[in-house]
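K.L.:
Coordinates in query.cif, mmCIF, C-alpha atoms, are listed below.
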```
data_protein
loop_
_atom_site.label_atom_id
_atom_site.label_comp_id
_atom_site.auth_asym_id
_atom_site.auth_seq_id
_atom_site.Cartn_x
_atom_site.Cartn_y
_atom_site.Cartn_z
CA MET A 1 -38.13 17.82 16.49
CA SER A 2 -37.41 18.22 12.77
CA PHE A 3 -34.24 20.19 13.64
CA PHE A 4 -32.99 17.25 15.69
CA SER A 5 -33.93 14.84 12.91
CA SER A 6 -32.03 16.76 10.22
CA TRP A 7 -28.93 16.98 12.43
CA MET A 8 -29.10 13.27 13.10
CA LYS A 9 -29.31 12.59 9.37
CA ALA A 10 -26.29 14.81 8.71
CA ILE A 11 -24.23 13.17 11.45
CA PHE A 12 -25.28 9.72 10.22
CA ILE A 13 -24.13 10.53 6.67
CA ILE A 14 -20.82 11.96 7.90
CA VAL A 15 -20.19 8.89 10.06
CA LEU A 16 -20.86 6.63 7.08
CA LEU A 17 -18.61 8.59 4.70
CA PHE A 18 -15.63 9.14 7.02
CA PRO A 19 -14.28 5.56 6.87
CA LEU A 20 -14.34 5.67 3.08
CA HIS A 21 -12.46 8.95 3.05
CA SER A 22 -9.96 7.96 5.72
CA GLU A 23 -9.06 4.65 4.04
CA THR A 24 -8.26 6.30 0.73
CA SER A 25 -6.53 9.40 2.03
CA PHE A 26 -4.23 7.77 4.57
CA SER A 27 -3.12 4.77 2.54
CA ARG A 28 0.21 4.65 0.74
CA PRO A 29 0.09 5.12 -3.01
CA ASN A 30 0.40 1.95 -5.05
CA THR A 31 3.81 2.58 -6.58
CA VAL A 32 5.87 0.12 -8.54
CA GLN A 33 9.58 -0.09 -7.83
CA ARG A 34 11.57 0.36 -11.06
CA ILE A 35 15.06 -0.55 -9.82
CA GLY A 36 15.82 -4.11 -10.81
CA PRO A 37 17.88 -6.71 -8.97
CA ASP A 38 21.67 -6.72 -9.16
CA CYS A 39 22.35 -9.74 -11.38
CA ASP A 40 26.10 -9.61 -10.73
CA VAL A 41 25.41 -11.26 -7.38
CA PHE A 42 24.02 -14.37 -9.10
CA LYS A 43 26.65 -14.86 -11.85
CA ASP A 44 28.62 -17.44 -9.87
CA ARG A 45 25.60 -19.54 -8.94
CA LEU A 46 23.29 -19.76 -11.92
CA ASN A 47 20.16 -21.84 -11.29
CA LEU A 48 21.07 -22.45 -7.63
CA CYS A 49 18.11 -20.45 -6.37
CA THR A 50 15.91 -20.70 -3.30
CA ARG A 51 12.17 -21.16 -3.59
CA GLU A 52 11.24 -17.85 -1.98
CA ARG A 53 8.37 -15.94 -3.58
CA ASN A 54 9.25 -12.39 -4.66
CA PRO A 55 7.81 -12.17 -8.20
CA ILE A 56 9.49 -10.15 -10.92
CA CYS A 57 7.93 -9.21 -14.24
CA ALA A 58 10.34 -9.04 -17.17
CA THR A 59 10.07 -7.29 -20.53
CA ASN A 60 9.40 -10.67 -22.16
CA CYS A 61 6.05 -10.73 -20.27
CA ARG A 62 7.11 -13.63 -18.05
CA THR A 63 6.88 -13.67 -14.28
CA TYR A 64 9.94 -15.05 -12.47
CA SER A 65 9.50 -16.27 -8.92
CA ASN A 66 12.41 -14.31 -7.40
CA PRO A 67 15.49 -12.24 -8.37
CA CYS A 68 17.76 -15.28 -8.57
CA VAL A 69 15.52 -17.08 -11.07
CA PHE A 70 15.13 -13.86 -13.06
CA CYS A 71 18.87 -13.18 -13.21
CA SER A 72 19.71 -16.79 -14.07
CA ALA A 73 17.31 -16.72 -17.01
CA LYS A 74 18.51 -13.27 -18.10
CA ILE A 75 22.20 -14.27 -18.03
CA GLU A 76 21.55 -17.56 -19.85
CA SER A 77 19.60 -15.73 -22.58
CA GLY A 78 22.42 -13.28 -23.12
CA GLY A 79 20.40 -10.32 -21.87
CA LYS A 80 17.53 -10.62 -24.37
CA PHE A 81 15.06 -9.26 -21.80
CA ASP A 82 15.22 -6.85 -18.90
CA PHE A 83 13.54 -6.03 -15.61
CA LEU A 84 10.10 -4.41 -15.88
CA HIS A 85 8.74 -4.29 -12.30
CA TYR A 86 8.35 -6.26 -9.10
CA ARG A 87 5.06 -8.21 -8.83
CA GLU A 88 3.48 -10.55 -11.31
CA CYS A 89 2.97 -9.52 -14.93
#
```
Let's see the structure in the file written out as structure tokens.

P.N.:
Amino acid sequence: MSFFSSWMKAIFIIVLLFPLHSETSFSRPNTVQRIGPDCDVFKDRLNLCTRERNPICATNCRTYSNPCVFCSAKIESGGKFDFLHYREC
């Protein structure tokens, strides 16, 4: 009886720990993309941006709502800041 009880405890612990292990081992790493948007695309249409949400963090510690808004502000400032990463600052 105690043999059965110890095996049940071991199986119970393994069943409880497996979801924790599987979620962390099979998930993608949280990497940040370091290649910024191509601002040449937006030179002809400064400040004519859509309202889509694709946040960009710049080296001036501001979050811009999408690549168009980021590039418009960067071009108007004369390149005083640069791309840092996608996502909010």

K.L.:
Skipping near chain neighbours, those fewer than 4 positions away, what residues fall within 9 Å of A:Cys68 using all atoms listed in the file, listed as a ChimeraX atom specification?

P.N.:
/A:37,39,41-42,45-50,64,72-73

K.L.:
Dump C-alpha atoms for the selected residues as a PDB file, in the coordinates of the input?

P.N.:
```pdb
ATOM      1  CA  PRO A  37      17.880  -6.710  -8.970  1.00  0.00           C
ATOM      2  CA  CYS A  39      22.350  -9.740 -11.380  1.00  0.00           C
ATOM      3  CA  VAL A  41      25.410 -11.260  -7.380  1.00  0.00           C
ATOM      4  CA  PHE A  42      24.020 -14.370  -9.100  1.00  0.00           C
ATOM      5  CA  ARG A  45      25.600 -19.540  -8.940  1.00  0.00           C
ATOM      6  CA  LEU A  46      23.290 -19.760 -11.920  1.00  0.00           C
ATOM      7  CA  ASN A  47      20.160 -21.840 -11.290  1.00  0.00           C
ATOM      8  CA  LEU A  48      21.070 -22.450  -7.630  1.00  0.00           C
ATOM      9  CA  CYS A  49      18.110 -20.450  -6.370  1.00  0.00           C
ATOM     10  CA  THR A  50      15.910 -20.700  -3.300  1.00  0.00           C
ATOM     11  CA  TYR A  64       9.940 -15.050 -12.470  1.00  0.00           C
ATOM     12  CA  SER A  72      19.710 -16.790 -14.070  1.00  0.00           C
ATOM     13  CA  ALA A  73      17.310 -16.720 -17.010  1.00  0.00           C
TER      14      ALA A  73
END
```

K.L.:
Rank nothing, just name the residue among A:Ser6, A:Ser77, A:Asn60, A:Asn66 nearest to A:Gly36, using all atoms listed in the file.

P.N.:
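The answer is A:Asn66, which sits nearest to A:Gly36.
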
K.L.:
Go ahead and compute the interatomic distance for atom CA of A:Cys71 and atom CA of A:Tyr86, in Å to one decimal.

P.N.:
13.2 Å

K.L.:
Rank A:Pro55, A:Glu76, A:Phe70, A:Ala10 by their smallest atom-to-atom distance to A:Cys89, using only C-alpha atoms, and report the top residue only.

P.N.:
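Selected residue with least distance to A:Cys89: A:Pro55.
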
K.L.:
Could you tell me which residues the PyMOL selection byres ((chain A and resi 79-85) around 7) grabs in this file, written as a list in words?

P.N.:
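For this structure, the PyMOL selection byres ((chain A and resi 79-85) around 7) captures Val32, Gln33, Arg34, Gly36, Ile56, Cys57, Ala58, Thr59, Asn60, Lys74, Ile75, Ser77, Gly78, Tyr86 and Arg87 of chain A.
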
K.L.:
Could you please take those selected residues and save C-alpha atoms as a tab-separated table (two decimals), in the coordinates of the input?

P.N.:
```tsv
chain	number	residue	atom	x	y	z
A	32	VAL	CA	5.87	0.12	-8.54
A	33	GLN	CA	9.58	-0.09	-7.83
A	34	ARG	CA	11.57	0.36	-11.06
A	36	GLY	CA	15.82	-4.11	-10.81
A	56	ILE	CA	9.49	-10.15	-10.92
A	57	CYS	CA	7.93	-9.21	-14.24
A	58	ALA	CA	10.34	-9.04	-17.17
A	59	THR	CA	10.07	-7.29	-20.53
A	60	ASN	CA	9.40	-10.67	-22.16
A	74	LYS	CA	18.51	-13.27	-18.10
A	75	ILE	CA	22.20	-14.27	-18.03
A	77	SER	CA	19.60	-15.73	-22.58
A	78	GLY	CA	22.42	-13.28	-23.12
A	86	TYR	CA	8.35	-6.26	-9.10
A	87	ARG	CA	5.06	-8.21	-8.83
```

K.L.:
Would you compute the distance between atom CA of A:Val69 and atom CA of A:Arg51? Give it in Å to one decimal.

P.N.:
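Taking atom CA of A:Val69 as the start and atom CA of A:Arg51 as the end point, the length is 9.2 Å.
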
K.L.:
In Å, rounded to a single decimal, give me how far atom CA of A:Pro67 is from atom CA of A:Lys43.

P.N.:
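Going from atom CA of A:Lys43 over to atom CA of A:Pro67, I get 12.0 Å.
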